[in-house]
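Student: Input structure: final_8.txt, which contains compact mmCIF, C-alpha atoms.
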# COMPACT_ATOMS: atom_id res chain seq x y z
CA MET A 63 11.24 4.00 -1.36
CA ARG A 64 10.24 6.26 1.53
CA MET A 65 8.23 9.41 1.41
CA ALA A 66 7.60 11.80 4.24
CA ILE A 67 3.92 12.41 3.70
CA ALA A 68 3.55 15.10 6.34
CA GLN A 69 5.79 17.99 7.21
CA TYR A 70 4.27 17.83 10.67
CA TYR A 71 6.86 18.20 13.42
CA PRO A 72 5.35 16.78 16.61
CA ARG A 73 6.08 18.83 19.68
CA ALA A 74 4.29 20.27 22.72
CA SER A 75 4.45 23.98 21.95
CA PRO A 76 1.88 26.76 22.43
CA ILE A 77 1.47 26.90 18.64
CA HIS A 78 0.90 23.14 18.37
CA ARG A 79 -1.77 23.34 21.08
CA LEU A 80 -3.85 25.97 19.27
CA ASP A 81 -7.10 24.91 17.64
CA PRO A 82 -6.30 24.09 13.98
CA ARG A 83 -9.24 26.26 12.85
CA CYS A 84 -7.70 29.21 14.66
CA LYS A 85 -4.34 28.57 12.98
CA VAL A 86 -5.91 28.31 9.52
CA VAL A 87 -7.79 31.60 9.98
CA ALA A 88 -4.72 33.35 11.38
CA VAL A 89 -2.45 32.20 8.54
CA ALA A 90 -5.10 32.99 5.91
CA ALA A 91 -5.39 36.50 7.39
CA LEU A 92 -1.62 36.93 7.14
CA VAL A 93 -1.59 35.74 3.52
CA VAL A 94 -4.43 38.05 2.48
CA GLY A 95 -2.81 40.91 4.39
CA LEU A 96 0.50 40.32 2.62
CA PHE A 97 -1.13 40.83 -0.75
CA LEU A 98 -3.37 43.75 0.24
CA ARG A 99 -0.63 46.16 1.13
CA SER A 100 2.71 46.54 -0.61
CA SER A 101 5.03 48.31 1.79
CA PHE A 102 8.21 47.28 3.54
CA ALA A 103 6.67 48.34 6.89
CA ALA A 104 3.68 46.01 6.50
CA LEU A 105 6.03 43.27 5.32
CA ALA A 106 8.15 43.76 8.45
CA VAL A 107 5.09 43.34 10.69
CA TYR A 108 4.03 40.14 8.94
CA GLY A 109 7.60 38.87 8.93
CA LEU A 110 7.88 39.45 12.67
CA VAL A 111 4.58 37.63 13.27
CA ALA A 112 5.76 34.65 11.22
CA VAL A 113 9.18 34.54 12.90
CA ALA A 114 7.60 34.89 16.36
CA GLY A 115 5.27 32.01 15.58
CA LEU A 116 8.17 29.96 14.31
CA LEU A 117 10.25 30.55 17.45
CA LEU A 118 7.26 29.79 19.70
CA SER A 119 6.60 26.55 17.81
CA GLY A 120 10.07 25.21 18.64
CA VAL A 121 10.44 23.63 15.21
CA PRO A 122 14.18 23.44 14.37
CA LEU A 123 15.14 26.09 11.83
CA GLY A 124 16.87 23.52 9.63
CA TRP A 125 13.53 21.77 9.27
CA VAL A 126 11.97 25.06 8.17
CA ALA A 127 14.80 25.76 5.74
CA ARG A 128 14.08 22.46 4.01
CA GLY A 129 10.59 23.76 3.29
CA LEU A 130 12.07 26.91 1.79
CA ARG A 131 14.43 25.16 -0.60
CA PRO A 132 11.91 24.60 -3.42
CA VAL A 133 11.20 28.34 -3.77
CA VAL A 134 14.84 29.19 -4.53
CA TRP A 135 14.32 29.13 -8.30
CA LEU A 136 11.38 31.52 -7.88
CA LEU A 137 13.62 33.88 -5.92
CA VAL A 138 16.27 33.69 -8.65
CA LEU A 139 13.64 34.32 -11.32
CA THR A 140 12.31 37.31 -9.37
CA PHE A 141 15.76 38.91 -9.24
CA VAL A 142 16.51 38.18 -12.90
CA VAL A 143 13.19 39.66 -14.00
CA GLN A 144 13.36 42.75 -11.85
CA LEU A 145 17.08 43.51 -12.13
CA LEU A 146 17.35 43.08 -15.86
CA PHE A 147 13.95 44.14 -17.11
CA ALA A 148 12.66 46.79 -14.71
CA PRO A 149 12.65 50.36 -16.01
CA GLY A 150 14.46 53.08 -14.10
CA PRO A 151 17.95 54.52 -13.80
CA ALA A 152 20.72 51.94 -13.92
CA PHE A 153 23.16 51.79 -11.03
CA TYR A 154 25.44 49.41 -12.84
CA THR A 155 25.93 48.72 -16.50
CA LEU A 156 27.59 45.58 -17.72
CA GLY A 157 27.64 45.36 -21.47
CA PRO A 158 24.01 45.23 -22.59
CA LEU A 159 22.74 44.72 -19.01
CA HIS A 160 21.29 47.63 -17.07
CA LEU A 161 20.83 46.82 -13.43
CA SER A 162 18.15 49.16 -12.20
CA LEU A 163 17.91 50.48 -8.67
CA ARG A 164 14.13 50.41 -8.64
CA GLY A 165 14.27 46.83 -9.88
CA LEU A 166 16.53 45.90 -6.99
CA ALA A 167 14.07 47.34 -4.47
CA ILE A 168 11.10 45.58 -6.08
CA ALA A 169 13.01 42.30 -6.29
CA GLY A 170 13.99 42.57 -2.64
CA TYR A 171 10.41 43.28 -1.63
CA LEU A 172 8.94 40.45 -3.72
CA SER A 173 11.52 37.96 -2.49
CA LEU A 174 10.98 38.84 1.17
CA ARG A 175 7.22 38.65 0.64
CA LEU A 176 7.55 35.18 -0.86
CA VAL A 177 9.74 34.01 2.03
CA VAL A 178 7.28 35.39 4.62
CA LEU A 179 4.39 33.79 2.70
CA VAL A 180 6.05 30.39 2.64
CA VAL A 181 7.16 30.58 6.28
CA ALA A 182 3.64 31.56 7.40
CA SER A 183 2.07 28.67 5.53
CA LEU A 184 4.81 26.28 6.71
CA LEU A 185 3.95 27.29 10.27
CA LEU A 186 0.54 25.76 9.66
CA THR A 187 1.67 22.43 8.17
CA LEU A 188 4.64 22.09 10.53
CA THR A 189 2.57 22.37 13.70
CA THR A 190 -0.69 20.66 12.69
CA PRO A 191 -1.21 17.00 11.74
CA PRO A 192 -2.75 16.71 8.23
CA ILE A 193 -5.94 15.07 9.48
CA ALA A 194 -6.55 17.81 12.06
CA LEU A 195 -5.93 20.37 9.32
CA THR A 196 -8.41 18.60 7.04
CA ASP A 197 -11.04 18.64 9.80
CA ALA A 198 -10.41 22.35 10.32
CA LEU A 199 -10.78 23.08 6.58
CA ALA A 200 -13.98 21.03 6.46
CA TRP A 201 -15.41 22.95 9.42
CA LEU A 202 -14.37 26.34 8.05
CA SER A 203 -15.79 25.63 4.59
CA ARG A 204 -19.19 24.54 5.92
CA PRO A 205 -20.87 27.79 4.75
CA LEU A 206 -19.94 26.75 1.18
CA ARG A 207 -22.42 23.86 1.48
CA ARG A 208 -25.15 26.40 0.78
CA LEU A 209 -23.53 26.90 -2.63
CA ARG A 210 -23.74 23.12 -3.03
CA VAL A 211 -19.98 22.66 -2.71
CA PRO A 212 -19.52 19.10 -1.41
CA THR A 213 -17.19 20.09 1.44
CA GLU A 214 -17.68 16.99 3.61
CA GLU A 215 -17.10 14.77 0.59
CA LEU A 216 -13.95 16.71 -0.33
CA ALA A 217 -12.68 16.33 3.23
CA LEU A 218 -13.33 12.59 3.01
CA MET A 219 -11.48 12.44 -0.33
CA VAL A 220 -8.53 14.24 1.23
CA THR A 221 -8.50 11.90 4.22
CA ILE A 222 -8.60 8.85 1.94
CA ALA A 223 -5.87 10.33 -0.28
CA LEU A 224 -3.62 10.92 2.73
CA ARG A 225 -4.21 7.35 3.86
CA PHE A 226 -3.44 5.90 0.42
CA ILE A 227 -0.46 7.97 -0.75
CA PRO A 228 2.06 5.75 1.09
CA THR A 229 0.20 2.66 -0.16
CA LEU A 230 0.40 3.90 -3.75
CA MET A 231 4.09 4.73 -3.41
CA GLN A 232 4.65 1.20 -2.19
CA GLU A 233 2.60 -0.11 -5.10
CA ILE A 234 4.67 1.86 -7.64
CA ASP A 235 7.82 0.45 -6.09
CA THR A 236 6.48 -3.11 -6.29
CA ILE A 237 5.33 -2.71 -9.92
CA MET A 238 8.67 -1.22 -10.97
CA LYS A 239 10.54 -4.09 -9.35
CA ALA A 240 8.21 -6.59 -11.02
CA GLN A 241 8.76 -4.97 -14.43
CA ARG A 242 12.52 -4.85 -13.87
CA ALA A 243 12.44 -8.54 -13.08
CA ARG A 244 10.88 -8.95 -16.53
CA GLY A 245 13.72 -7.03 -18.13
CA ALA A 246 12.33 -3.49 -18.16
CA SER A 247 14.76 -0.59 -17.75
CA PHE A 248 13.71 2.84 -16.54
CA THR A 249 17.09 4.52 -16.96
CA ARG A 250 18.08 3.58 -20.50
CA GLY A 251 17.68 5.79 -23.55
CA GLY A 252 16.53 9.35 -24.13
CA PRO A 253 13.61 11.11 -22.42
CA LEU A 254 11.02 9.75 -24.86
CA ARG A 255 12.21 6.18 -24.46
CA ARG A 256 12.19 6.54 -20.67
CA ALA A 257 8.68 7.99 -20.83
CA ARG A 258 7.56 4.97 -22.85
CA ALA A 259 9.14 2.66 -20.28
CA LEU A 260 6.72 4.06 -17.69
CA VAL A 261 3.60 2.87 -19.52
CA PRO A 262 3.90 -0.67 -18.08
CA VAL A 263 4.07 0.96 -14.63
CA LEU A 264 1.16 3.36 -15.05
CA VAL A 265 -1.34 0.87 -16.46
CA PRO A 266 -1.12 -1.65 -13.58
CA LEU A 267 -1.02 1.28 -11.13
CA PHE A 268 -4.34 2.62 -12.45
CA ILE A 269 -5.94 -0.83 -12.53
CA LEU A 270 -4.83 -1.50 -8.94
CA SER A 271 -6.04 1.93 -7.82
CA PHE A 272 -9.47 1.49 -9.42
CA ARG A 273 -9.77 -1.95 -7.84
CA ARG A 274 -8.78 -0.55 -4.45
CA ALA A 275 -11.27 2.29 -4.82
CA ASP A 276 -14.07 -0.16 -5.68
CA GLU A 277 -13.21 -2.33 -2.69
CA LEU A 278 -13.11 0.67 -0.37
CA ALA A 279 -16.44 1.99 -1.68
CA LEU A 280 -18.01 -1.44 -1.23
CA ALA A 281 -16.61 -1.73 2.29
CA MET A 282 -17.97 1.71 3.19
CA GLU A 283 -21.39 0.94 1.73
CA ALA A 284 -21.46 -2.37 3.59
CA ARG A 285 -21.01 -0.30 6.77
CA CYS A 286 -23.91 1.95 5.75
CA TYR A 287 -21.78 5.00 4.96
CA LEU A 288 -24.06 7.73 3.66
CA PRO A 289 -22.38 10.73 1.99
CA GLY A 290 -23.35 14.01 3.58
CA ALA A 291 -25.05 12.43 6.60
CA PRO A 292 -24.57 14.19 9.96
CA ARG A 293 -21.41 12.75 11.43
CA THR A 294 -19.65 12.72 14.78
CA ARG A 295 -15.90 12.74 15.20
CA LEU A 296 -13.49 10.69 17.24
CA HIS A 297 -11.52 13.82 18.08
CA PRO A 298 -13.87 16.81 18.08
CA LEU A 299 -12.24 20.20 17.68
CA HIS A 300 -12.28 22.37 20.79
CA ALA A 301 -11.65 26.09 20.80
CA HIS A 302 -10.23 27.65 23.97
CA ARG A 303 -9.74 31.11 25.30
CA ARG A 304 -6.15 31.12 23.97
CA ASP A 305 -7.48 30.66 20.43
CA ALA A 306 -9.65 33.76 20.79
CA VAL A 307 -6.67 35.66 22.15
CA VAL A 308 -4.50 34.64 19.21
CA LEU A 309 -7.19 35.60 16.68
CA VAL A 310 -7.67 39.05 18.26
CA LEU A 311 -3.90 39.55 18.34
CA VAL A 312 -3.48 38.56 14.69
CA ALA A 313 -6.42 40.77 13.67
CA ALA A 314 -4.87 43.70 15.53
CA LEU A 315 -1.49 43.14 13.86
CA VAL A 316 -3.07 42.87 10.40
CA VAL A 317 -4.93 46.15 10.97
CA LEU A 318 -1.70 47.72 12.21
CA ALA A 319 0.22 46.49 9.17
CA GLU A 320 -2.44 47.76 6.76
CA LEU A 321 -2.50 51.20 8.40
CA ILE A 322 1.21 51.99 8.79
CA MET B 263 3.77 13.98 -6.35
CA SER B 264 7.28 13.54 -7.63
CA VAL B 265 9.20 10.34 -8.06
CA PRO B 266 13.01 10.35 -8.27
CA LEU B 267 13.25 8.50 -11.57
CA PHE B 268 15.53 10.58 -13.73
CA GLY B 269 18.58 10.92 -11.53
CA PRO B 270 18.99 13.87 -9.22
CA VAL B 271 16.38 16.10 -10.86
CA PRO B 272 12.97 15.07 -9.57
CA LEU B 273 10.47 14.41 -12.31
CA THR B 274 7.21 15.91 -11.18
CA LEU B 275 4.39 13.80 -12.37
CA GLN B 276 1.76 16.46 -11.69
CA VAL B 277 1.18 17.30 -15.34
CA LEU B 278 1.10 13.61 -16.28
CA PHE B 279 -1.61 12.81 -13.76
CA VAL B 280 -3.59 15.97 -14.52
CA LEU B 281 -3.69 15.01 -18.21
CA LEU B 282 -4.50 11.38 -17.37
CA ALA B 283 -7.27 12.48 -15.00
CA GLY B 284 -8.97 14.27 -17.89
CA LEU B 285 -8.27 11.53 -20.45
CA VAL B 286 -9.45 8.70 -18.21
CA LEU B 287 -12.12 10.21 -15.93
CA GLY B 288 -13.72 12.86 -18.14
CA ALA B 289 -14.42 16.54 -17.46
CA ARG B 290 -16.37 16.52 -14.20
CA LEU B 291 -14.58 13.74 -12.32
CA GLY B 292 -11.21 14.71 -13.78
CA ALA B 293 -11.49 18.32 -12.62
CA LEU B 294 -12.91 17.22 -9.26
CA SER B 295 -9.99 14.89 -8.66
CA VAL B 296 -7.53 17.69 -9.43
CA VAL B 297 -9.43 19.98 -7.00
CA ALA B 298 -9.11 17.22 -4.40
CA TYR B 299 -5.38 17.06 -5.16
CA LEU B 300 -5.10 20.82 -4.55
CA VAL B 301 -6.94 20.45 -1.23
CA VAL B 302 -4.63 17.59 -0.21
CA GLY B 303 -1.79 19.99 -0.99
CA LEU B 304 -3.19 22.42 1.56
CA VAL B 305 -2.55 19.93 4.35
CA ALA B 306 0.34 17.76 3.10
CA PRO B 307 3.40 18.34 0.89
CA VAL B 308 2.23 16.83 -2.38
CA TYR B 309 2.90 19.73 -4.75
CA ALA B 310 6.09 19.88 -6.84
CA GLN B 311 9.26 19.34 -4.80
CA GLY B 312 7.38 18.71 -1.60
CA THR B 313 5.80 22.13 -1.29
CA SER B 314 2.39 22.57 0.24
CA GLY B 315 -0.12 24.92 1.69
CA LEU B 316 -1.43 28.39 1.12
CA GLY B 317 2.11 29.56 0.43
CA ALA B 318 2.33 27.42 -2.69
CA LEU B 319 -1.16 28.30 -3.95
CA ALA B 320 -0.77 32.03 -3.36
CA GLY B 321 2.89 32.15 -4.42
CA PRO B 322 4.30 32.93 -7.87
CA ALA B 323 3.93 29.32 -9.07
CA GLY B 324 0.33 29.01 -7.85
CA GLY B 325 -1.09 29.78 -11.28
CA TYR B 326 0.10 26.43 -12.59
CA LEU B 327 -1.85 24.69 -9.84
CA PHE B 328 -5.06 26.52 -10.76
CA GLY B 329 -4.28 25.87 -14.41
CA PHE B 330 -4.28 22.13 -13.67
CA VAL B 331 -7.99 22.21 -12.79
CA VAL B 332 -8.86 23.98 -16.04
CA ALA B 333 -6.57 21.62 -17.97
CA ALA B 334 -8.23 18.49 -16.57
CA TYR B 335 -11.65 19.95 -17.36
CA ILE B 336 -10.75 20.88 -20.93
CA VAL B 337 -9.01 17.56 -21.62
CA GLY B 338 -12.02 15.76 -20.13
CA THR B 339 -14.50 17.74 -22.23
CA LEU B 340 -12.61 17.06 -25.46
CA THR B 341 -12.32 13.39 -24.52
CA GLU B 342 -16.03 13.10 -23.87
CA ARG B 343 -16.87 14.81 -27.13
CA TRP B 344 -14.59 12.83 -29.44
CA ASP B 345 -14.12 9.60 -27.48
CA PRO B 346 -10.55 9.08 -28.81
CA ARG B 347 -9.09 5.59 -28.54
CA THR B 348 -5.98 5.84 -30.70
CA PHE B 349 -2.64 7.46 -29.99
CA TRP B 350 -2.62 10.63 -32.12
CA PRO B 351 -6.02 12.02 -31.11
CA LEU B 352 -5.23 11.26 -27.47
CA LEU B 353 -1.87 13.04 -27.82
CA GLY B 354 -3.52 16.02 -29.50
CA ILE B 355 -5.97 16.42 -26.63
CA ALA B 356 -3.20 16.01 -24.05
CA LEU B 357 -1.13 18.72 -25.77
CA ALA B 358 -4.20 20.98 -25.86
CA GLY B 359 -4.38 20.46 -22.10
CA LEU B 360 -0.93 22.01 -21.67
CA VAL B 361 -2.16 25.34 -23.07
CA PRO B 362 -4.32 26.42 -20.09
CA ILE B 363 -1.56 25.35 -17.67
CA TYR B 364 0.98 27.60 -19.40
CA ALA B 365 -1.48 30.46 -19.98
CA ILE B 366 -2.76 30.67 -16.41
CA GLY B 367 0.61 29.76 -14.91
CA ALA B 368 2.59 32.38 -16.83
CA ALA B 369 -0.03 35.12 -16.40
CA TRP B 370 -0.08 34.49 -12.63
CA LEU B 371 3.73 34.46 -12.59
CA ALA B 372 3.94 37.80 -14.39
CA TRP B 373 1.39 39.32 -12.01
CA GLN B 374 3.27 38.08 -8.94
CA LEU B 375 6.65 39.20 -10.25
CA HIS B 376 5.26 42.69 -11.01
CA THR B 377 6.55 42.62 -14.53
CA THR B 378 5.35 43.25 -18.02
CA ALA B 379 8.57 41.98 -19.56
CA LEU B 380 7.60 39.07 -21.74
CA GLU B 381 10.92 37.28 -22.36
CA PRO B 382 11.83 36.20 -18.82
CA VAL B 383 8.28 35.08 -18.01
CA VAL B 384 7.98 33.06 -21.21
CA TRP B 385 11.45 31.53 -20.86
CA GLY B 386 11.33 30.93 -17.13
CA GLY B 387 7.65 30.07 -16.93
CA VAL B 388 6.83 28.23 -20.16
CA VAL B 389 9.67 27.29 -22.50
CA GLN B 390 11.82 25.47 -19.94
CA PHE B 391 8.90 23.15 -19.13
CA ILE B 392 7.92 22.30 -22.71
CA PRO B 393 10.27 19.35 -23.45
CA GLY B 394 9.42 17.54 -20.22
CA ASP B 395 5.72 18.27 -20.54
CA VAL B 396 5.56 17.02 -24.12
CA ALA B 397 7.19 13.78 -22.95
CA LYS B 398 4.54 13.57 -20.22
CA ALA B 399 1.77 14.20 -22.76
CA VAL B 400 3.12 11.33 -24.88
CA LEU B 401 3.21 9.12 -21.81
CA ALA B 402 -0.33 10.17 -20.84
CA ALA B 403 -1.60 9.37 -24.34
CA LEU B 404 0.12 5.96 -24.35
CA ALA B 405 -1.20 5.05 -20.92
CA ALA B 406 -4.71 6.33 -21.73
CA ARG B 407 -4.78 4.29 -24.95
CA ALA B 408 -3.91 1.16 -22.97
CA LEU B 409 -6.43 1.95 -20.22
CA VAL B 410 -9.47 2.67 -22.41
CA SER B 411 -8.99 -0.65 -24.21
CA LEU B 412 -9.31 -2.53 -20.92
CA PRO B 413 -12.69 -3.56 -19.45
CA LEU B 414 -12.51 -1.13 -16.53
CA GLY B 415 -15.81 0.57 -17.22
CA LEU B 416 -14.01 3.85 -17.98
CA ARG B 417 -15.92 4.68 -21.16
CA ALA B 418 -18.95 3.44 -22.94
CA PRO B 419 -17.99 0.60 -25.31
CA ALA B 420 -16.96 1.75 -28.76
CA ARG B 421 -19.85 2.13 -31.14
CA PRO B 422 -19.87 -0.58 -33.81
CA ARG B 423 -19.01 0.91 -37.15
Show this structure as structure tokens.
Tutor:
Amino acid sequence: MRMAIAQYYPRASPIHRLDPRCKVVAVAALVVGLFLRSSFAALAVYGLVAVAGLLLSGVPLGWVARGLRPVVWLLVLTFVVQLLFAPGPAFYTLGPLHLSLRGLAIAGYLSLRLVVLVVASLLLTLTTPPIALTDALAWLSRPLRRLRVPTEELALMVTIALRFIPTLMQEIDTIMKAQRARGASFTRGGPLRRARALVPVLVPLFILSFRRADELALAMEARCYLPGAPRTRLHPLHAHRRDAVVLVLVAALVVLAELI
Amino acid sequence: MSVPLFGPVPLTLQVLFVLLAGLVLGARLGALSVVAYLVVGLVAPVYAQGTSGLGALAGPAGGYLFGFVVAAYIVGTLTERWDPRTFWPLLGIALAGLVPIYAIGAAWLAWQLHTTALEPVVWGGVVQFIPGDVAKAVLAALAARALVSLPLGLRAPARPR
């Protein structure tokens, strides 16, 4: 069983080289901007920014399309809801169905907005390794420490989770094979029976995970790990002039989009 | 996280693990672990069907993700209060945990789809998930019953009667 844990597409592009903190702020600004103003003009600006970023990043479009596939049912739902249930004059009547013109416009707008939203956020995960992104989030959320949000600890939890997801997938695979060897079947019977068949997988999985967590905590304590202590990094984040330029550019475009 | 168990349709185990987090870890740790899961989703594709990032959280289906945190907290609170160790109480609490997921998820969905029409939101956003989620609640209750009976230090030992 294999699982691609990161969507990261390694490449030497101008977007990849940007400071991850700069990329997070830029994408967050786009997302907030998208929701602040509902107009096709603003949407066009944000769409162009996202597409420009995508082209600059040199990530193959097929790779991006894969990231868009899961939102298809949301797009379908959007059209169903708006076309069939929106008020307004019908442009087409089919039996009891009234397809409304206003609904079509709203559905088009909402769908495009969702696509731009997903592409913008994909731009972030496609061009930044997960660990760099975690470091950026930890740095950006440092002000929250004043509100006693354990940001460093959360970042550590995320880093550990990323490290252990492949291990856990492997573990699930091993347990399932072991239970099959003992005669278990995960494909026989109705949904309820199949759900029951998973109990002998989940219980060892939890026991193994708790044991692993205890061992890891013990190992960290043995190395004098202190939560929340000031910490240095192997790869410190460096901001450059180009990051400032990108931020100013994005800010200008967001202002433009909100004003037109 | 989804595991291809049931043929071509991926079974997302999100709801299962959210319910188990509350049933096994309690309110505070359960909710915290779901928050950590959401943060992991910001940097890696661990949400349903390999989605990730701000786009998933801010998109139409983001309400379910926020609902998970509330669900784990509520399930954990009920677990701490009643300390259930048998199947039916555990199942009842797990089913109660589905309510905030649907409520927040569907309300968010309706807001994002700019609609006040109830039928499509309820059908597309709640009803189609119910059979699978009930199966997951049963599974969560069964697994939790097995786990609390083991000496893992999950709960205080049962009071002698």
Student: Choose the residue, out of B:Ala365, B:Leu327, B:Leu416, B:Val332, that has the smallest atom-to-atom separation from chain A; count only C-alpha atoms.
Tutor: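 Among the listed residues, B:Leu416 lies closest to chain A.
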Student: Residues of chain A no more than 8 Å from chain B, counting all atoms listed in the file: send them over as a VMD selection string.
Tutor: chain A and resid 67 to 69 90 93 129 132 136 139 to 140 142 to 144 147 to 148 172 176 179 to 184 187 192 to 193 195 to 196 216 219 to 220 223 to 224 248 to 249 253 to 254 257 to 258 260 to 261 264 to 265 269
Student: Just the residues within 9 Å of A:Leu185, please, counting all atoms listed in the file, with nothing from its chain fewer than 4 positions along; format it as a list of chain:residue names.
Tutor: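 Final neighbour list, sorted by chain and number: A:Ile77, A:Lys85, A:Val89, A:Ala112, A:Gly115, A:Leu116, A:Ser119, A:Val121, A:Val126, A:Val180, A:Val181, A:Thr189, A:Thr190.
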Student: Under the rule that all atoms listed in the file are counted, which of B:Leu285, B:Ala368, B:Phe391, B:Val410 is the nearest residue to B:Leu353?
Tutor: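 Using all atoms listed in the file, B:Leu353 sits closest to B:Leu285.
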Student: In Å, rounded to a single decimal, give me how far atom CA of B:Gly284 is from atom CA of B:Val337.
Tutor: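 Atom CA of B:Val337 sits 5.0 Å away from atom CA of B:Gly284.
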Student: Skip A:Phe102 itself and residues of its chain fewer than 3 positions away, then list as a list in words all residues within 7 Å of it, counting only C-alpha atoms.
Tutor: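 The residues satisfying every condition are Leu105, Ala106 and Tyr171 of chain A.
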Student: Export, as a PDB file, in the frame of the given file, the selected residues with C-alpha atoms.
Tutor:
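Once everything was written out, this is result_2.pdb:
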ATOM      1  CA  LEU A 105       6.030  43.270   5.320  1.00  0.00           C
ATOM      2  CA  ALA A 106       8.150  43.760   8.450  1.00  0.00           C
ATOM      3  CA  TYR A 171      10.410  43.280  -1.630  1.00  0.00           C
TER       4      TYR A 171
END
Student: If I take atom CA of A:Arg293 and atom CA of A:Glu214, how far is one from the other in Å, to one decimal?
Tutor: 9.6 Å
Student: Each side padded by 4 Å, which centre and which edge lengths in Å (one decimal) define the axis-aligned box around the listed atoms of stretch 370-378 of chain B? Give them as AutoDock Vina command-line options.
Tutor:
--center_x 3.3 --center_y 38.9 --center_z -13.5 --size_x 14.7 --size_y 16.8 --size_z 17.1
Student: Taking 5 positions as the minimum chain separation for residues in the same chain, which residues sit within 8 Å of A:Leu145 when counting only C-alpha atoms? Answer as a list in words.
Tutor: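 The residues that qualify are His160, Leu161, Ser162, Leu163, Gly165, Leu166 and Ala169 of chain A.
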Student: Any idea what the distance is between atom CA of A:Leu309 and atom CA of A:Tyr70?
Tutor: 22.0 Å
Student: Starting from the point (-13.1, 2.3, 3.2), work out which residues of protein, DNA or RNA have an atom no more than 12 Å away when counting only C-alpha atoms; state them as a list in words.
Tutor: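 Applying the cut-off with only C-alpha atoms, one gets Leu218, Met219, Thr221, Ile222, Ala223, Arg225, Phe226, Arg274, Ala275, Asp276, Glu277, Leu278, Ala279, Leu280, Ala281, Met282, Glu283, Ala284, Arg285, Cys286 and Tyr287 of chain A.
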Student: Using the structure block above, produce a file of stretch 88-101 of chain A that contains N, CA and C atoms, as a PDB file, in the first residue's frame.
Tutor:
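Contents of result-v5.pdb, freshly written:
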ATOM      1  N   ALA A  88       0.515  35.380   1.127  1.00  0.00           N
ATOM      2  CA  ALA A  88      -0.047  35.756  -0.172  1.00  0.00           C
ATOM      3  C   ALA A  88      -1.308  34.949  -0.465  1.00  0.00           C
ATOM      4  N   VAL A  89      -1.242  33.626  -0.245  1.00  0.00           N
ATOM      5  CA  VAL A  89      -2.405  32.783  -0.536  1.00  0.00           C
ATOM      6  C   VAL A  89      -3.556  33.100   0.420  1.00  0.00           C
ATOM      7  N   ALA A  90      -3.223  33.336   1.713  1.00  0.00           N
ATOM      8  CA  ALA A  90      -4.274  33.690   2.669  1.00  0.00           C
ATOM      9  C   ALA A  90      -4.957  34.985   2.243  1.00  0.00           C
ATOM     10  N   ALA A  91      -4.169  35.944   1.752  1.00  0.00           N
ATOM     11  CA  ALA A  91      -4.743  37.217   1.294  1.00  0.00           C
ATOM     12  C   ALA A  91      -5.695  36.973   0.127  1.00  0.00           C
ATOM     13  N   LEU A  92      -5.285  36.092  -0.797  1.00  0.00           N
ATOM     14  CA  LEU A  92      -6.159  35.780  -1.936  1.00  0.00           C
ATOM     15  C   LEU A  92      -7.462  35.154  -1.463  1.00  0.00           C
ATOM     16  N   VAL A  93      -7.354  34.207  -0.514  1.00  0.00           N
ATOM     17  CA  VAL A  93      -8.548  33.502  -0.035  1.00  0.00           C
ATOM     18  C   VAL A  93      -9.508  34.473   0.638  1.00  0.00           C
ATOM     19  N   VAL A  94      -8.957  35.338   1.524  1.00  0.00           N
ATOM     20  CA  VAL A  94      -9.815  36.308   2.205  1.00  0.00           C
ATOM     21  C   VAL A  94     -10.438  37.244   1.178  1.00  0.00           C
ATOM     22  N   GLY A  95      -9.620  37.692   0.227  1.00  0.00           N
ATOM     23  CA  GLY A  95     -10.109  38.594  -0.814  1.00  0.00           C
ATOM     24  C   GLY A  95     -11.249  37.978  -1.603  1.00  0.00           C
ATOM     25  N   LEU A  96     -11.105  36.693  -1.925  1.00  0.00           N
ATOM     26  CA  LEU A  96     -12.138  35.999  -2.696  1.00  0.00           C
ATOM     27  C   LEU A  96     -13.491  36.052  -2.007  1.00  0.00           C
ATOM     28  N   PHE A  97     -13.474  35.995  -0.671  1.00  0.00           N
ATOM     29  CA  PHE A  97     -14.743  35.950   0.052  1.00  0.00           C
ATOM     30  C   PHE A  97     -15.268  37.334   0.386  1.00  0.00           C
ATOM     31  N   LEU A  98     -14.377  38.358   0.334  1.00  0.00           N
ATOM     32  CA  LEU A  98     -14.807  39.702   0.708  1.00  0.00           C
ATOM     33  C   LEU A  98     -15.655  40.344  -0.371  1.00  0.00           C
ATOM     34  N   ARG A  99     -15.349  40.036  -1.619  1.00  0.00           N
ATOM     35  CA  ARG A  99     -15.996  40.753  -2.693  1.00  0.00           C
ATOM     36  C   ARG A  99     -16.602  39.763  -3.669  1.00  0.00           C
ATOM     37  N   SER A 100     -17.914  39.836  -3.891  1.00  0.00           N
ATOM     38  CA  SER A 100     -18.504  38.947  -4.880  1.00  0.00           C
ATOM     39  C   SER A 100     -18.753  39.703  -6.169  1.00  0.00           C
ATOM     40  N   SER A 101     -17.796  39.661  -7.071  1.00  0.00           N
ATOM     41  CA  SER A 101     -18.028  40.201  -8.409  1.00  0.00           C
ATOM     42  C   SER A 101     -17.171  39.421  -9.383  1.00  0.00           C
TER      43      SER A 101
END
